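*Asks:* Here you go, this is target-v8.cif (mmCIF, C-alpha atoms).
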```cif
data_run
#
loop_
_atom_site.label_atom_id
_atom_site.label_comp_id
_atom_site.auth_asym_id
_atom_site.auth_seq_id
_atom_site.Cartn_x
_atom_site.Cartn_y
_atom_site.Cartn_z
CA MET A 222 2.77 -5.44 27.53
CA LEU A 223 5.83 -3.70 26.16
CA ILE A 224 7.35 -3.26 22.70
CA GLU A 225 10.89 -1.96 22.25
CA ILE A 226 12.86 -1.26 19.07
CA LYS A 227 16.60 -1.03 19.78
CA LYS A 228 19.10 0.76 17.55
CA SER A 229 22.10 -0.71 19.35
CA ALA A 230 23.06 -4.09 20.81
CA PHE A 231 21.03 -5.27 23.81
CA GLU A 232 21.45 -8.04 26.37
CA PRO A 233 18.16 -9.99 26.27
CA TYR A 234 18.54 -11.87 29.54
CA GLN A 235 19.37 -8.71 31.50
CA ARG A 236 16.45 -6.90 29.86
CA LEU A 237 14.18 -9.79 30.84
CA LEU A 238 15.28 -9.64 34.49
CA ASP A 239 14.93 -5.86 34.64
CA TYR A 240 11.45 -5.95 33.11
CA GLN A 241 10.31 -8.74 35.40
CA ALA A 242 11.60 -6.89 38.46
CA GLU A 243 9.52 -3.81 37.58
CA ALA A 244 6.38 -5.65 36.42
CA GLY A 245 3.24 -5.77 38.50
CA PHE A 246 2.77 -9.56 38.46
CA SER A 247 5.40 -10.51 41.01
CA GLY A 248 4.36 -13.62 42.98
CA LYS A 249 1.54 -14.43 40.55
CA PHE A 250 3.29 -16.10 37.63
CA GLY A 251 4.40 -19.70 37.55
CA ALA A 252 5.68 -19.80 33.98
CA THR A 253 7.94 -17.64 31.82
CA ALA A 254 8.46 -18.63 28.19
CA VAL A 255 11.41 -16.92 26.50
CA PHE A 256 12.57 -16.88 22.91
CA VAL A 257 15.81 -15.21 21.81
CA GLY A 258 16.71 -15.03 18.13
CA SER A 259 20.34 -14.29 17.23
CA MET A 260 22.29 -13.55 14.08
CA ARG A 261 24.03 -16.52 12.46
CA GLU A 262 27.42 -16.28 10.77
CA PHE A 263 26.05 -18.22 7.80
CA ASN A 264 22.88 -18.22 5.69
CA GLN A 265 21.88 -20.23 2.64
CA GLY A 266 25.37 -21.72 2.36
CA ASP A 267 27.30 -18.43 2.56
CA ASP A 268 29.37 -16.81 5.30
CA VAL A 269 27.76 -13.59 6.50
CA ASP A 270 29.94 -10.82 7.99
CA LYS A 271 27.25 -8.38 9.09
CA MET A 272 23.62 -7.56 8.62
CA LEU A 273 21.48 -4.45 8.33
CA LEU A 274 17.99 -4.63 9.76
CA GLU A 275 15.58 -2.10 8.31
CA HIS A 276 12.05 -1.44 9.56
CA TYR A 277 9.01 0.70 8.83
CA PRO A 278 8.90 3.09 11.80
CA GLY A 279 5.39 3.35 13.18
CA MET A 280 3.94 0.34 11.39
CA THR A 281 6.36 -1.99 13.15
CA GLU A 282 5.31 -0.78 16.59
CA LYS A 283 1.64 -0.86 15.54
CA TYR A 284 1.83 -4.52 14.46
CA LEU A 285 3.88 -5.66 17.43
CA GLN A 286 1.29 -4.01 19.67
CA LYS A 287 -1.51 -5.63 17.66
CA ILE A 288 -0.09 -9.17 17.94
CA SER A 289 0.63 -8.63 21.66
CA GLU A 290 -3.02 -7.70 22.19
CA GLU A 291 -4.15 -10.71 20.15
CA ALA A 292 -2.00 -13.03 22.29
CA SER A 293 -3.34 -11.54 25.49
CA ASN A 294 -6.93 -12.04 24.25
CA LYS A 295 -6.32 -15.63 23.12
CA TRP A 296 -4.39 -16.92 26.15
CA ASN A 297 -4.47 -16.42 29.86
CA ILE A 298 -1.22 -14.50 30.33
CA PHE A 299 -0.07 -11.81 32.74
CA ASP A 300 2.23 -9.93 30.43
CA SER A 301 4.45 -10.01 27.35
CA LEU A 302 7.63 -8.29 26.27
CA ILE A 303 8.99 -7.93 22.72
CA VAL A 304 12.38 -6.35 22.05
CA HIS A 305 13.64 -6.18 18.46
CA ARG A 306 16.93 -4.87 17.15
CA ILE A 307 17.32 -2.63 14.07
CA GLY A 308 20.38 -1.19 12.33
CA GLU A 309 23.75 -2.78 11.69
CA MET A 310 24.59 -5.96 13.57
CA LEU A 311 27.21 -8.70 13.78
CA PRO A 312 27.06 -12.50 14.12
CA ASN A 313 26.00 -13.59 17.63
CA ASP A 314 24.12 -10.34 18.24
CA PRO A 315 20.64 -10.94 19.65
CA ILE A 316 17.97 -9.84 17.13
CA VAL A 317 14.78 -10.45 19.04
CA LEU A 318 13.53 -11.24 22.53
CA VAL A 319 10.00 -12.48 23.18
CA ALA A 320 8.93 -13.25 26.73
CA VAL A 321 5.54 -14.23 28.11
CA TRP A 322 4.46 -14.69 31.72
CA SER A 323 1.49 -16.82 32.81
CA ALA A 324 0.25 -18.87 35.75
CA HIS A 325 0.84 -22.22 34.00
CA ARG A 326 3.20 -23.30 31.23
CA ALA A 327 0.75 -24.02 28.40
CA ASP A 328 -0.40 -20.40 28.02
CA ALA A 329 3.16 -19.02 28.12
CA PHE A 330 4.45 -21.59 25.60
CA ASP A 331 1.57 -21.12 23.17
CA ALA A 332 1.43 -17.32 23.40
CA SER A 333 5.19 -16.92 22.91
CA ARG A 334 5.11 -19.19 19.85
CA TYR A 335 2.21 -17.16 18.46
CA LEU A 336 4.05 -13.86 19.03
CA MET A 337 7.18 -15.09 17.24
CA GLU A 338 5.32 -16.58 14.28
CA GLU A 339 3.13 -13.48 13.84
CA LEU A 340 6.13 -11.18 14.20
CA LYS A 341 7.93 -13.06 11.45
CA SER A 342 5.00 -12.94 9.05
CA ARG A 343 3.48 -9.50 9.78
CA ALA A 344 5.93 -7.06 11.39
CA PRO A 345 7.65 -4.95 8.70
CA PHE A 346 11.35 -5.71 9.22
CA TRP A 347 13.83 -6.59 6.46
CA LYS A 348 17.31 -8.08 6.65
CA LYS A 349 20.15 -7.19 4.30
CA GLU A 350 23.23 -9.38 4.59
CA SER A 351 26.82 -8.44 3.82
CA LEU A 352 28.59 -11.58 2.69
CA SER A 353 32.26 -12.31 3.23
CA ALA A 354 32.63 -12.31 -0.54
CA GLU A 355 32.01 -8.53 -0.50
CA GLN A 356 28.47 -8.83 -1.76
CA GLU A 357 25.23 -7.60 -0.32
CA ARG A 358 21.83 -9.26 -0.63
CA TRP A 359 18.36 -8.82 0.80
CA VAL A 360 17.05 -11.88 2.62
CA GLU A 361 14.01 -13.09 0.72
CA LYS A 362 13.05 -16.23 2.56
CA ASN A 363 11.50 -16.01 5.98
CA THR A 364 12.73 -19.29 7.45
CA MET B 286 -4.37 17.44 -1.49
CA THR B 287 -1.65 14.82 -1.58
CA ILE B 288 -0.82 11.22 -0.75
CA GLN B 289 2.51 10.28 0.84
CA VAL B 290 4.14 7.21 -0.71
CA LYS B 291 6.96 5.16 0.83
CA PHE B 292 9.09 2.28 -0.45
CA PHE B 293 11.17 -0.01 1.73
CA ALA B 294 14.09 -2.44 1.55
CA SER B 295 14.78 -4.17 -1.79
CA LEU B 296 11.73 -2.53 -3.35
CA ARG B 297 13.11 0.94 -2.53
CA GLU B 298 16.31 0.04 -4.40
CA HIS B 299 14.28 -1.48 -7.24
CA VAL B 300 12.19 1.66 -7.82
CA GLY B 301 15.06 4.03 -6.95
CA GLN B 302 13.20 6.19 -4.44
CA ALA B 303 12.34 6.05 -0.75
CA GLU B 304 9.53 8.57 -0.48
CA VAL B 305 7.43 10.67 -2.84
CA GLU B 306 4.24 12.72 -2.76
CA ILE B 307 1.53 12.59 -5.39
CA ALA B 308 -1.68 14.48 -6.03
CA GLU B 309 -4.74 12.65 -4.77
CA SER B 310 -6.64 13.62 -7.93
CA LEU B 311 -4.40 11.34 -10.03
CA VAL B 312 -5.26 8.09 -8.27
CA GLU B 313 -8.15 6.01 -6.99
CA THR B 314 -6.55 2.81 -5.74
CA VAL B 315 -3.27 1.57 -4.30
CA ALA B 316 -2.55 0.01 -7.70
CA ASP B 317 -2.89 3.47 -9.29
CA VAL B 318 -0.48 4.89 -6.71
CA TRP B 319 2.10 2.28 -7.73
CA SER B 320 1.70 3.04 -11.45
CA GLN B 321 1.83 6.81 -10.97
CA THR B 322 4.90 6.81 -8.74
CA THR B 323 6.95 4.21 -10.61
CA LYS B 324 6.17 5.25 -14.20
CA ASP B 325 4.22 2.02 -14.73
CA MET B 326 6.89 -0.41 -13.55
CA VAL B 327 5.62 -3.97 -13.17
CA LEU B 328 4.54 -4.55 -9.58
CA PRO B 329 6.65 -7.48 -8.26
CA GLU B 330 4.34 -10.40 -7.52
CA ASN B 331 4.94 -10.73 -3.78
CA THR B 332 4.83 -6.99 -2.96
CA LEU B 333 3.07 -6.08 0.27
CA MET B 334 1.04 -2.89 0.50
CA ALA B 335 -0.11 -0.79 3.43
CA VAL B 336 -2.31 2.27 3.82
CA ASN B 337 -1.87 4.26 7.02
CA MET B 338 0.21 1.37 8.38
CA ASP B 339 -2.39 -1.37 7.85
CA TYR B 340 -2.06 -4.11 5.24
CA VAL B 341 -4.38 -3.68 2.23
CA ASP B 342 -4.62 -5.10 -1.27
CA ALA B 343 -4.02 -3.31 -4.55
CA SER B 344 -7.69 -2.48 -5.10
CA TYR B 345 -7.96 -0.51 -1.84
CA GLN B 346 -9.33 3.02 -2.40
CA VAL B 347 -7.03 5.81 -1.26
CA LYS B 348 -7.90 9.33 -0.14
CA ALA B 349 -6.10 12.62 0.46
CA GLY B 350 -3.77 12.54 3.45
CA ASP B 351 -3.19 8.77 3.25
CA GLU B 352 0.24 7.25 3.65
CA VAL B 353 0.74 4.40 1.18
CA ALA B 354 3.68 1.99 1.49
CA PHE B 355 5.08 -0.73 -0.77
CA PHE B 356 7.55 -3.34 0.47
CA PRO B 357 8.80 -6.88 -0.06
CA PRO B 358 7.85 -9.86 2.15
CA VAL B 359 9.02 -9.21 5.71
CA THR B 360 12.04 -11.01 7.17
CA GLY B 361 12.33 -9.94 10.80
CA GLY B 362 12.89 -12.00 13.93
#
```
For this file, write the structure as structure tokens.
*Replies:*
Amino acid sequence: MLIEIKKSAFEPYQRLLDYQAEAGFSGKFGATAVFVGSMREFNQGDDVDKMLLEHYPGMTEKYLQKISEEASNKWNIFDSLIVHRIGEMLPNDPIVLVAVWSAHRADAFDASRYLMEELKSRAPFWKKESLSAEQERWVEKNT
Amino acid sequence: MTIQVKFFASLREHVGQAEVEIAESLVETVADVWSQTTKDMVLPENTLMAVNMDYVDASYQVKAGDEVAFFPPVTGG
């Protein structure tokens, strides 16, 4: 179970492979569910040039740890990995990686969905967009 | 004996400060902390509140040494 907050761009698929190679469940898992969220170049009908992702240091890690523990209590999984970007980012940049390993697909699917939904509703991150029209705005809707 | 107060994201810009300390003797609840640190600004309806990095509601009782935070709905992921 690992939580990482990244201040600079990361490559989610490479991170996934590296983590899996070092993990202690080699040969045991039959399912890996992966979610990668990336920055769009548009939101709510406007072109977005860049985005600033702010977080509450300490509370973010605490809640990501909490939801990871909840998922591991609810489902039969070997491990989970959450990587989340903060700071300034550009369209196409990966924002979040959630990966879950289990013996069979149902647990990995369900646990990864749970982690993403709980992250979006409970982990203290906020997005501020810079629009092409030289405006800034805080994202208010958690879609 | 003090309480550390933090504001994040749009709410930080709205109240015009990121972090402030107040005397514990001035407040009983999280709602009091808001009033004392914002000169009685209206608390935006959807504001989230945390004490020592756990979500609480406005009636939660605070004590010396607590860290209280106010922030808008979260939008990560």
*Asks:* Would you mind telling me which residue in A:Ile316, A:Ala244, A:Leu285, A:Ile303 lies nearest to chain B when using only C-alpha atoms?
*Replies:*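 Of A:Ile316, A:Ala244, A:Leu285, A:Ile303, the one nearest chain B, counting only C-alpha atoms, is A:Ile316.
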*Asks:* Could you name the residues that touch stretch 226-233 of chain A at 6 Å or less, counting all atoms listed in the file, but leaving out those on the same chain fewer than 4 positions away, as an NGL selection string?
*Replies:* :A and (304-308)
*Asks:* Could you give me, as a Markdown table, a per-residue list for chain B showing, wherever an atom lies at most 12 Å from an atom of chain A, the closest pair of atoms and their distance in Å to one decimal, using all atoms listed in the file and sorting by chain then residue number from low to high?
*Replies:*
```
| residue | atom | partner | partner_atom | distance |
| --- | --- | --- | --- | --- |
| B:Lys291 | CA | A:Tyr277 | CA | 9.4 |
| B:Phe292 | CA | A:Tyr277 | CA | 9.4 |
| B:Phe293 | CA | A:Tyr277 | CA | 7.5 |
| B:Ala294 | CA | A:Trp347 | CA | 6.4 |
| B:Ser295 | CA | A:Trp359 | CA | 6.4 |
| B:Leu296 | CA | A:Trp359 | CA | 10.0 |
| B:Arg297 | CA | A:Glu275 | CA | 11.5 |
| B:Glu298 | CA | A:Trp359 | CA | 10.5 |
| B:His299 | CA | A:Trp359 | CA | 11.6 |
| B:Ala303 | CA | A:Tyr277 | CA | 11.5 |
| B:Asn331 | CA | A:Glu361 | CA | 10.4 |
| B:Thr332 | CA | A:Glu361 | CA | 11.6 |
| B:Leu333 | CA | A:Pro345 | CA | 9.7 |
| B:Met334 | CA | A:Pro345 | CA | 10.7 |
| B:Ala335 | CA | A:Met280 | CA | 9.0 |
| B:Val336 | CA | A:Met280 | CA | 10.0 |
| B:Asn337 | CA | A:Met280 | CA | 8.3 |
| B:Met338 | CA | A:Met280 | CA | 4.9 |
| B:Asp339 | CA | A:Met280 | CA | 7.5 |
| B:Tyr340 | CA | A:Arg343 | CA | 9.0 |
| B:Glu352 | CA | A:Met280 | CA | 11.0 |
| B:Val353 | CA | A:Met280 | CA | 11.4 |
| B:Ala354 | CA | A:Tyr277 | CA | 9.2 |
| B:Phe355 | CA | A:Tyr277 | CA | 10.5 |
| B:Phe356 | CA | A:Pro345 | CA | 8.4 |
| B:Pro357 | CA | A:Glu361 | CA | 8.1 |
| B:Pro358 | CA | A:Glu361 | CA | 7.1 |
| B:Val359 | CA | A:Pro345 | CA | 5.4 |
| B:Thr360 | CA | A:Trp347 | CA | 4.8 |
| B:Gly361 | CA | A:Phe346 | CA | 4.6 |
| B:Gly362 | CA | A:Lys341 | CA | 5.6 |
```
*Asks:* Selection in question (the file shown): the PyMOL selection byres ((chain B and resi 316) around 10). Which residues does it include, as a list in words?
*Replies:*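 Selected by the PyMOL selection byres ((chain B and resi 316) around 10) in this file: Val312, Glu313, Thr314, Val315, Asp317, Val318, Trp319, Ser320, Gln321, Asp325, Leu328, Met334, Asp342, Ala343, Ser344, Tyr345, Gln346 and Val347 of chain B.
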*Asks:* Might I get the box with edges along x, y and z of the file that holds all atoms of stretch 253-266 of chain A listed there, padded by 8 Å on every side, given as centre and edge lengths in Å to one decimal, as JSON?
*Replies:*
```
{"center_x": 17.7, "center_y": -17.6, "center_z": 17.1, "size_x": 35.5, "size_y": 24.2, "size_z": 45.5}
```
*Asks:* As a PDB file, in the coordinates of the input, could you write out stretch 326-345 of chain A once it has been completed with N, CA and C atoms?
*Replies:*
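And here is the file that came out, out12.pdb:
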```pdb
ATOM      1  N   ARG A 326       2.294 -23.302  32.380  1.00  0.00           N
ATOM      2  CA  ARG A 326       3.200 -23.300  31.230  1.00  0.00           C
ATOM      3  C   ARG A 326       2.506 -23.256  29.864  1.00  0.00           C
ATOM      4  N   ALA A 327       1.355 -23.896  29.734  1.00  0.00           N
ATOM      5  CA  ALA A 327       0.750 -24.020  28.400  1.00  0.00           C
ATOM      6  C   ALA A 327       0.483 -22.644  27.779  1.00  0.00           C
ATOM      7  N   ASP A 328      -0.073 -21.730  28.552  1.00  0.00           N
ATOM      8  CA  ASP A 328      -0.400 -20.400  28.020  1.00  0.00           C
ATOM      9  C   ASP A 328       0.871 -19.643  27.615  1.00  0.00           C
ATOM     10  N   ALA A 329       1.918 -19.735  28.433  1.00  0.00           N
ATOM     11  CA  ALA A 329       3.160 -19.020  28.120  1.00  0.00           C
ATOM     12  C   ALA A 329       3.819 -19.603  26.868  1.00  0.00           C
ATOM     13  N   PHE A 330       3.874 -20.945  26.786  1.00  0.00           N
ATOM     14  CA  PHE A 330       4.450 -21.590  25.600  1.00  0.00           C
ATOM     15  C   PHE A 330       3.690 -21.177  24.336  1.00  0.00           C
ATOM     16  N   ASP A 331       2.375 -21.349  24.366  1.00  0.00           N
ATOM     17  CA  ASP A 331       1.570 -21.120  23.170  1.00  0.00           C
ATOM     18  C   ASP A 331       1.580 -19.644  22.753  1.00  0.00           C
ATOM     19  N   ALA A 332       1.466 -18.755  23.730  1.00  0.00           N
ATOM     20  CA  ALA A 332       1.430 -17.320  23.400  1.00  0.00           C
ATOM     21  C   ALA A 332       2.777 -16.856  22.855  1.00  0.00           C
ATOM     22  N   SER A 333       3.882 -17.369  23.391  1.00  0.00           N
ATOM     23  CA  SER A 333       5.190 -16.920  22.910  1.00  0.00           C
ATOM     24  C   SER A 333       5.436 -17.421  21.486  1.00  0.00           C
ATOM     25  N   ARG A 334       5.000 -18.656  21.213  1.00  0.00           N
ATOM     26  CA  ARG A 334       5.110 -19.190  19.850  1.00  0.00           C
ATOM     27  C   ARG A 334       4.300 -18.342  18.869  1.00  0.00           C
ATOM     28  N   TYR A 335       3.083 -17.999  19.293  1.00  0.00           N
ATOM     29  CA  TYR A 335       2.210 -17.160  18.460  1.00  0.00           C
ATOM     30  C   TYR A 335       2.874 -15.806  18.178  1.00  0.00           C
ATOM     31  N   LEU A 336       3.418 -15.172  19.213  1.00  0.00           N
ATOM     32  CA  LEU A 336       4.050 -13.860  19.030  1.00  0.00           C
ATOM     33  C   LEU A 336       5.199 -13.933  18.032  1.00  0.00           C
ATOM     34  N   MET A 337       6.034 -14.958  18.154  1.00  0.00           N
ATOM     35  CA  MET A 337       7.180 -15.090  17.240  1.00  0.00           C
ATOM     36  C   MET A 337       6.726 -15.335  15.801  1.00  0.00           C
ATOM     37  N   GLU A 338       5.774 -16.255  15.639  1.00  0.00           N
ATOM     38  CA  GLU A 338       5.320 -16.580  14.280  1.00  0.00           C
ATOM     39  C   GLU A 338       4.641 -15.372  13.628  1.00  0.00           C
ATOM     40  N   GLU A 339       3.828 -14.655  14.392  1.00  0.00           N
ATOM     41  CA  GLU A 339       3.130 -13.480  13.840  1.00  0.00           C
ATOM     42  C   GLU A 339       4.119 -12.352  13.558  1.00  0.00           C
ATOM     43  N   LEU A 340       5.095 -12.196  14.437  1.00  0.00           N
ATOM     44  CA  LEU A 340       6.130 -11.180  14.200  1.00  0.00           C
ATOM     45  C   LEU A 340       6.824 -11.451  12.874  1.00  0.00           C
ATOM     46  N   LYS A 341       7.184 -12.718  12.662  1.00  0.00           N
ATOM     47  CA  LYS A 341       7.930 -13.060  11.450  1.00  0.00           C
ATOM     48  C   LYS A 341       7.100 -12.895  10.179  1.00  0.00           C
ATOM     49  N   SER A 342       5.786 -13.038  10.270  1.00  0.00           N
ATOM     50  CA  SER A 342       5.000 -12.940   9.050  1.00  0.00           C
ATOM     51  C   SER A 342       4.336 -11.567   8.860  1.00  0.00           C
ATOM     52  N   ARG A 343       4.227 -10.753   9.923  1.00  0.00           N
ATOM     53  CA  ARG A 343       3.480  -9.500   9.780  1.00  0.00           C
ATOM     54  C   ARG A 343       4.240  -8.222  10.128  1.00  0.00           C
ATOM     55  N   ALA A 344       5.240  -8.297  10.989  1.00  0.00           N
ATOM     56  CA  ALA A 344       5.930  -7.060  11.390  1.00  0.00           C
ATOM     57  C   ALA A 344       6.908  -6.635  10.292  1.00  0.00           C
ATOM     58  N   PRO A 345       6.819  -5.373   9.836  1.00  0.00           N
ATOM     59  CA  PRO A 345       7.650  -4.950   8.700  1.00  0.00           C
ATOM     60  C   PRO A 345       9.111  -4.670   9.054  1.00  0.00           C
TER      61      PRO A 345
END
```
